[in-house]
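S.K.: I'd like to ask some things about the structure below.
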Amino acid sequence: MIEKIPDADVVIAYGGMAAKLFYQQDSYPVPVIADAITDALAAGVTETVTDSGKDFFSVKIDPELFRQQVRLFHELTGFKKLGIVYGDDEFGVIYGAVRDVEAVAEELGFEIIRNTNVKEDMDDDTVDMYLDALRDVVSRADAVYIGASTAVTEYDIIPEIVHIINEAKIPSFALEGSVRVKDGILFSLASSGMIRSGIYTATKITHIFEGIKPRELPQIFESIPSVAINLATAKTIGFNVPVDIIINSDEVYLSADGSAPVSRHTDNELLSGFTNYAATAIQLSDSYLPRRRADGKPFRIAILQSGTYWEFDEHFRGILSGLIANGWANFDTVIPEKQTIREMVKSIGDFSEYIEFPEEYILDLEWGQNTKAAGAFFTDRKPDVDLVIAFGGVAGKLFTRYKNYPIPVLMEGITDPVGSGIIYSLDDSGRDFVTCRVDPGQYQRQVQLFHDFAGFKRLGILYGDDEYGRLYGAVNDVELVARKKGFTLVRNTNVKEVMAPDTTRLYLSALRDLCTRVDAVYLGASTAITEYDIMDEVVAILNKARIPSFALEGEIRVDQGIMLGISSLETEKFGFYNARKIAAILSGVTPRILSQRLEGVPSIILNLDTAQEIGFSVPLSILSSVDQLVYAGSDSIQ
């Protein structure tokens, strides 16, 4: 690839050795994206964390990744002496994240126990030296951190490593992730972060295809820690796993080798020492496997919508994708774009032998105008369904009247489920039959992003000053960010949140008023916008005032002319999350014990035509961090 330039438009270089091959060149005619490098700075493949130093080159850097791992391990186990094994050379220090371990040791005050009598090249005694060093370390430490040493990555010795650690009866954490937890290491980070990492790198590649130089692209990627745990290892070493760790772990393995999980019904010995609450949580690993009802028929899922709304359709599309990926539906199912939930159900037909969505139980409450439609759910006779998916606050509130309900209910698409009294808290729905997705910082992140992007001093918001108006406009969140960031909120609450002859007139009049007094506008999900076709008028008012705008509802409004919003790239993540919860519920897991928190990572969508129309100059540094662009004559470009 150096002597003969490849016929390619971009090169992905995985690992420090591959990255160095390109980085040592003064110039290179093909853009290079480097990934999967433990410490890019130490490896010498970037000038600084934020600047690669070479126009053709960009690398992914997560500066806190390994420090996060060590902090998390310390928080989980409280060790005082941490053992590490590595070759004392450039590659050994990098592969073992030694500098990060040392920094956290100084920060948290624990002692490091080392053995560096290890080889980082492949030789006849590489394995023996590593295993001897590990035996020495575990005899002197009360926990061990397994780096990516050559002996670990290049030889099949994980069973021997696990045996040595388990004999010492001390907890372990693997730098390399859940692949090692499957093999018997106690803790690591779950693999869910790989999806975000992949989206990050794919986004950089698309920017390169659009003509942006790699050096101009952001290099920092901050992961979100999520735990993987092997409960069989915990039992072997006598480590008492707190219930909250089990419940909040993204990946739970029940066997020493990570093979098919064992249910609590067939391995009582494994579950001894855990409470019934924890035992139910442990079932989750087994519960994701597809199955039918006890009578051999497919599970029946009802859908109760607060109203017909594009966001509900997108979330349902994500759930279908998640069910397909988890094996609960046919892999060759084609999910149609831009259809309502009812239309999608008709289009996919017999897409699964395990699940069906009966047409008579796909109901629309029309935002409270037709709550009688839900009557079938609240009679003395139980509806013939196994699960209800309730989209939106109007549908969710119907179930708050009940302490107990005979059918599990999964809630989605609710702006503020705690503030609206639908669930008890962020972590507890308050009712055994209910679970809900909660993203406590979702709208605060939107407003902070908008402020970082536009730098406004006076932000306009308009909403009906009642319970629903404040919820639809995320007003509490906007107020909180205003206090934190120090900008002024300018309001107009002469708005109706019900469908009436003057709903749109009042809204447009309030918007015109706001635009004369502010330098930016944050548009909530007010009834006038969601239920009436007035976006052309809204955009015209904003553009005439020549001020930037941000839509709470995201991509659909940016496509219609609002300048900024959050793109729908997160929909798939929400869908996979809910598909796993559905699988668990249908397998008998109590909805209340399922984790409710899923914090999204904002993906920005920008309408370049609108920015140009109002004379807003978008800095290149900001442009390169945008995930989707909308401009004339095209669909959104990711």
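Residue numbers start at 1 in each chain; chains themselves are named A, B, ... in the order of the structure tokens; ligands are numbered from 1 in the order shown.
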Taking the DSSP assignment computed from this structure's backbone, write out as number ranges by chain all residues of segment 128-162 of chain A that belong to helix (DSSP H, G or I).
M.R.: A: 128-138, 150-154, 158-162
S.K.: With a distance cut-off of 7 Å and only C-alpha atoms, select the neighbouring residues of segment 573-575 of chain A, excluding the residue or stretch itself and same-chain residues fewer than 3 positions from it, and output the selection as a list in words.
M.R.: His315, Gly318, Ile319, Ser321, Gly322, Glu570, Asn578 and Ala579 of chain A
S.K.: Please produce a file of those selected residues containing N, CA and C atoms, as a CSV table (one decimal), in the first residue's frame.
M.R.:
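Written file, part.csv:
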chain,number,residue,atom,x,y,z
A,315,HIS,N,-40.1,4.8,16.3
A,315,HIS,CA,-39.7,3.9,17.4
A,315,HIS,C,-40.2,2.5,17.1
A,318,GLY,N,-38.0,0.9,14.8
A,318,GLY,CA,-36.8,0.4,15.5
A,318,GLY,C,-37.0,-0.9,16.2
A,319,ILE,N,-38.2,-1.0,16.9
A,319,ILE,CA,-38.5,-2.2,17.6
A,319,ILE,C,-38.5,-3.4,16.7
A,321,SER,N,-36.9,-3.8,13.9
A,321,SER,CA,-35.5,-4.1,13.5
A,321,SER,C,-34.8,-4.8,14.6
A,322,GLY,N,-35.1,-4.4,15.9
A,322,GLY,CA,-34.5,-5.1,17.0
A,322,GLY,C,-35.0,-6.5,17.2
A,570,GLU,N,-30.5,7.7,16.4
A,570,GLU,CA,-30.6,7.0,17.6
A,570,GLU,C,-31.8,6.0,17.7
A,578,ASN,N,-35.7,-1.6,23.3
A,578,ASN,CA,-37.1,-2.1,23.6
A,578,ASN,C,-37.3,-3.5,23.1
A,579,ALA,N,-36.7,-3.9,22.1
A,579,ALA,CA,-36.9,-5.3,21.6
A,579,ALA,C,-36.4,-6.3,22.6
S.K.: When you draw a straight line from atom CA of Thr488 of chain A to atom CA of Cys515 of chain A, how long is it in Å?
M.R.: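 Atom CA of Thr488 of chain A sits 14.0 Å away from atom CA of Cys515 of chain A.
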S.K.: What does the distance between atom CA of Asn117 of chain A and atom CA of Leu134 of chain A come to in Å, to one decimal place?
M.R.: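 We find that atom CA of Asn117 of chain A and atom CA of Leu134 of chain A lie 9.9 Å from each other.
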S.K.: Would you compute the distance between atom CA of Arg517 of chain A and atom CA of Ala611 of chain A? Give it in Å to one decimal.
M.R.: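 Value for the atom CA of Arg517 of chain A-atom CA of Ala611 of chain A distance: 19.8 Å.
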S.K.: Looking only at the backbone, which of the residues in segment 325-534 of chain A does DSSP tag as strand (DSSP E), as number ranges by chain?
M.R.: A: 355-356, 362-364, 387-391, 409-412, 434-436, 458-462, 488-492, 520-523
S.K.: I need the chosen residues saved as an mmCIF file, in the first residue's frame, with N, CA and C atoms.
M.R.:
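Generated file (result.cif):
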data_model
loop_
_atom_site.group_PDB
_atom_site.id
_atom_site.type_symbol
_atom_site.label_atom_id
_atom_site.label_comp_id
_atom_site.auth_asym_id
_atom_site.auth_seq_id
_atom_site.Cartn_x
_atom_site.Cartn_y
_atom_site.Cartn_z
ATOM 1 N N ILE A 355 -44.344 -13.854 17.269
ATOM 2 C CA ILE A 355 -45.036 -12.630 17.670
ATOM 3 C C ILE A 355 -46.031 -12.231 16.587
ATOM 4 N N GLU A 356 -47.173 -11.693 17.028
ATOM 5 C CA GLU A 356 -48.114 -11.090 16.083
ATOM 6 C C GLU A 356 -48.722 -9.832 16.714
ATOM 7 N N ILE A 362 -54.637 -2.533 17.632
ATOM 8 C CA ILE A 362 -53.806 -1.377 17.263
ATOM 9 C C ILE A 362 -54.729 -0.170 17.316
ATOM 10 N N LEU A 363 -54.643 0.583 18.413
ATOM 11 C CA LEU A 363 -55.645 1.607 18.719
ATOM 12 C C LEU A 363 -55.018 2.991 18.842
ATOM 13 N N ASP A 364 -55.745 3.999 18.363
ATOM 14 C CA ASP A 364 -55.280 5.389 18.362
ATOM 15 C C ASP A 364 -56.225 6.229 19.216
ATOM 16 N N LEU A 387 -48.918 -8.476 25.853
ATOM 17 C CA LEU A 387 -48.128 -7.273 26.132
ATOM 18 C C LEU A 387 -48.810 -6.097 25.462
ATOM 19 N N VAL A 388 -48.761 -4.946 26.144
ATOM 20 C CA VAL A 388 -49.248 -3.698 25.554
ATOM 21 C C VAL A 388 -48.061 -2.752 25.398
ATOM 22 N N ILE A 389 -47.877 -2.214 24.187
ATOM 23 C CA ILE A 389 -46.920 -1.125 23.987
ATOM 24 C C ILE A 389 -47.718 0.168 23.942
ATOM 25 N N ALA A 390 -47.465 1.063 24.905
ATOM 26 C CA ALA A 390 -48.188 2.328 24.997
ATOM 27 C C ALA A 390 -47.271 3.459 24.539
ATOM 28 N N PHE A 391 -47.617 4.089 23.427
ATOM 29 C CA PHE A 391 -46.820 5.188 22.889
ATOM 30 C C PHE A 391 -47.405 6.525 23.335
ATOM 31 N N VAL A 409 -47.025 -3.786 30.510
ATOM 32 C CA VAL A 409 -47.124 -2.591 29.674
ATOM 33 C C VAL A 409 -45.736 -1.984 29.498
ATOM 34 N N LEU A 410 -45.318 -1.850 28.250
ATOM 35 C CA LEU A 410 -44.057 -1.184 27.921
ATOM 36 C C LEU A 410 -44.393 0.185 27.359
ATOM 37 N N MET A 411 -43.846 1.248 27.969
ATOM 38 C CA MET A 411 -44.164 2.614 27.556
ATOM 39 C C MET A 411 -42.988 3.229 26.808
ATOM 40 N N GLU A 412 -43.294 3.996 25.768
ATOM 41 C CA GLU A 412 -42.263 4.590 24.920
ATOM 42 C C GLU A 412 -42.765 5.937 24.398
ATOM 43 N N VAL A 434 -45.314 -2.321 34.769
ATOM 44 C CA VAL A 434 -44.906 -1.221 33.886
ATOM 45 C C VAL A 434 -43.390 -1.114 33.779
ATOM 46 N N THR A 435 -42.899 -0.833 32.568
ATOM 47 C CA THR A 435 -41.534 -0.355 32.362
ATOM 48 C C THR A 435 -41.575 0.727 31.296
ATOM 49 N N CYS A 436 -40.644 1.668 31.377
ATOM 50 C CA CYS A 436 -40.655 2.826 30.487
ATOM 51 C C CYS A 436 -39.214 3.178 30.125
ATOM 52 N N ARG A 458 -30.588 35.352 24.089
ATOM 53 C CA ARG A 458 -32.019 35.391 24.424
ATOM 54 C C ARG A 458 -32.725 34.294 23.613
ATOM 55 N N LEU A 459 -33.197 33.277 24.310
ATOM 56 C CA LEU A 459 -33.830 32.136 23.643
ATOM 57 C C LEU A 459 -35.342 32.211 23.786
ATOM 58 N N GLY A 460 -36.047 32.117 22.663
ATOM 59 C CA GLY A 460 -37.504 32.154 22.681
ATOM 60 C C GLY A 460 -38.114 30.770 22.753
ATOM 61 N N ILE A 461 -39.139 30.615 23.610
ATOM 62 C CA ILE A 461 -39.922 29.378 23.664
ATOM 63 C C ILE A 461 -41.399 29.745 23.733
ATOM 64 N N LEU A 462 -42.233 28.919 23.108
ATOM 65 C CA LEU A 462 -43.673 29.172 23.159
ATOM 66 C C LEU A 462 -44.394 27.871 23.455
ATOM 67 N N THR A 488 -30.986 34.326 28.711
ATOM 68 C CA THR A 488 -32.319 34.765 29.110
ATOM 69 C C THR A 488 -33.387 33.994 28.341
ATOM 70 N N LEU A 489 -34.431 33.571 29.052
ATOM 71 C CA LEU A 489 -35.569 32.913 28.408
ATOM 72 C C LEU A 489 -36.653 33.940 28.126
ATOM 73 N N VAL A 490 -37.122 33.975 26.897
ATOM 74 C CA VAL A 490 -38.221 34.858 26.505
ATOM 75 C C VAL A 490 -39.393 33.960 26.108
ATOM 76 N N ARG A 491 -40.555 34.152 26.739
ATOM 77 C CA ARG A 491 -41.669 33.217 26.570
ATOM 78 C C ARG A 491 -42.889 33.904 25.954
ATOM 79 N N ASN A 492 -43.707 33.102 25.292
ATOM 80 C CA ASN A 492 -45.071 33.488 24.952
ATOM 81 C C ASN A 492 -45.933 32.256 25.192
ATOM 82 N N ALA A 520 -32.760 33.545 19.028
ATOM 83 C CA ALA A 520 -32.860 32.129 18.669
ATOM 84 C C ALA A 520 -34.188 31.609 19.210
ATOM 85 N N VAL A 521 -34.704 30.520 18.600
ATOM 86 C CA VAL A 521 -35.980 29.928 19.034
ATOM 87 C C VAL A 521 -35.827 28.416 19.155
ATOM 88 N N TYR A 522 -36.338 27.871 20.271
ATOM 89 C CA TYR A 522 -36.394 26.433 20.502
ATOM 90 C C TYR A 522 -37.849 26.011 20.369
ATOM 91 N N LEU A 523 -38.152 25.175 19.369
ATOM 92 C CA LEU A 523 -39.525 24.769 19.098
ATOM 93 C C LEU A 523 -39.830 23.444 19.777
#
S.K.: List as JSON, numbers by chain the protein and nucleic acid residues near Gly307 of chain A, meaning an atom at most 8 Å away when only C-alpha atoms are counted, but skip any in the same chain fewer than 5 places from it.
M.R.: {"A": [364, 365, 366, 367, 368, 392]}
S.K.: Pick from A:Asn330, A:Gln448, A:Gln369, A:Ser149: nearest to Pro290 of chain A, with only C-alpha atoms counted?
M.R.: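 Closest residue, counting only C-alpha atoms: A:Asn330.
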S.K.: Using only C-alpha atoms, which of A:Asp7, A:Asp609, A:Glu360, A:Asp26 sits nearest Pro383 of chain A?
M.R.: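 Looking only at the distances to Pro383 of chain A, the closest residue turns out to be A:Glu360.
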S.K.: With only C-alpha atoms as the basis for distance, which of A:Lys80, A:Leu131, A:Gln69, A:Tyr463 is at the shortest distance from Val101 of chain A?
M.R.: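 The shortest atom-to-atom distance to Val101 of chain A comes from A:Gln69.
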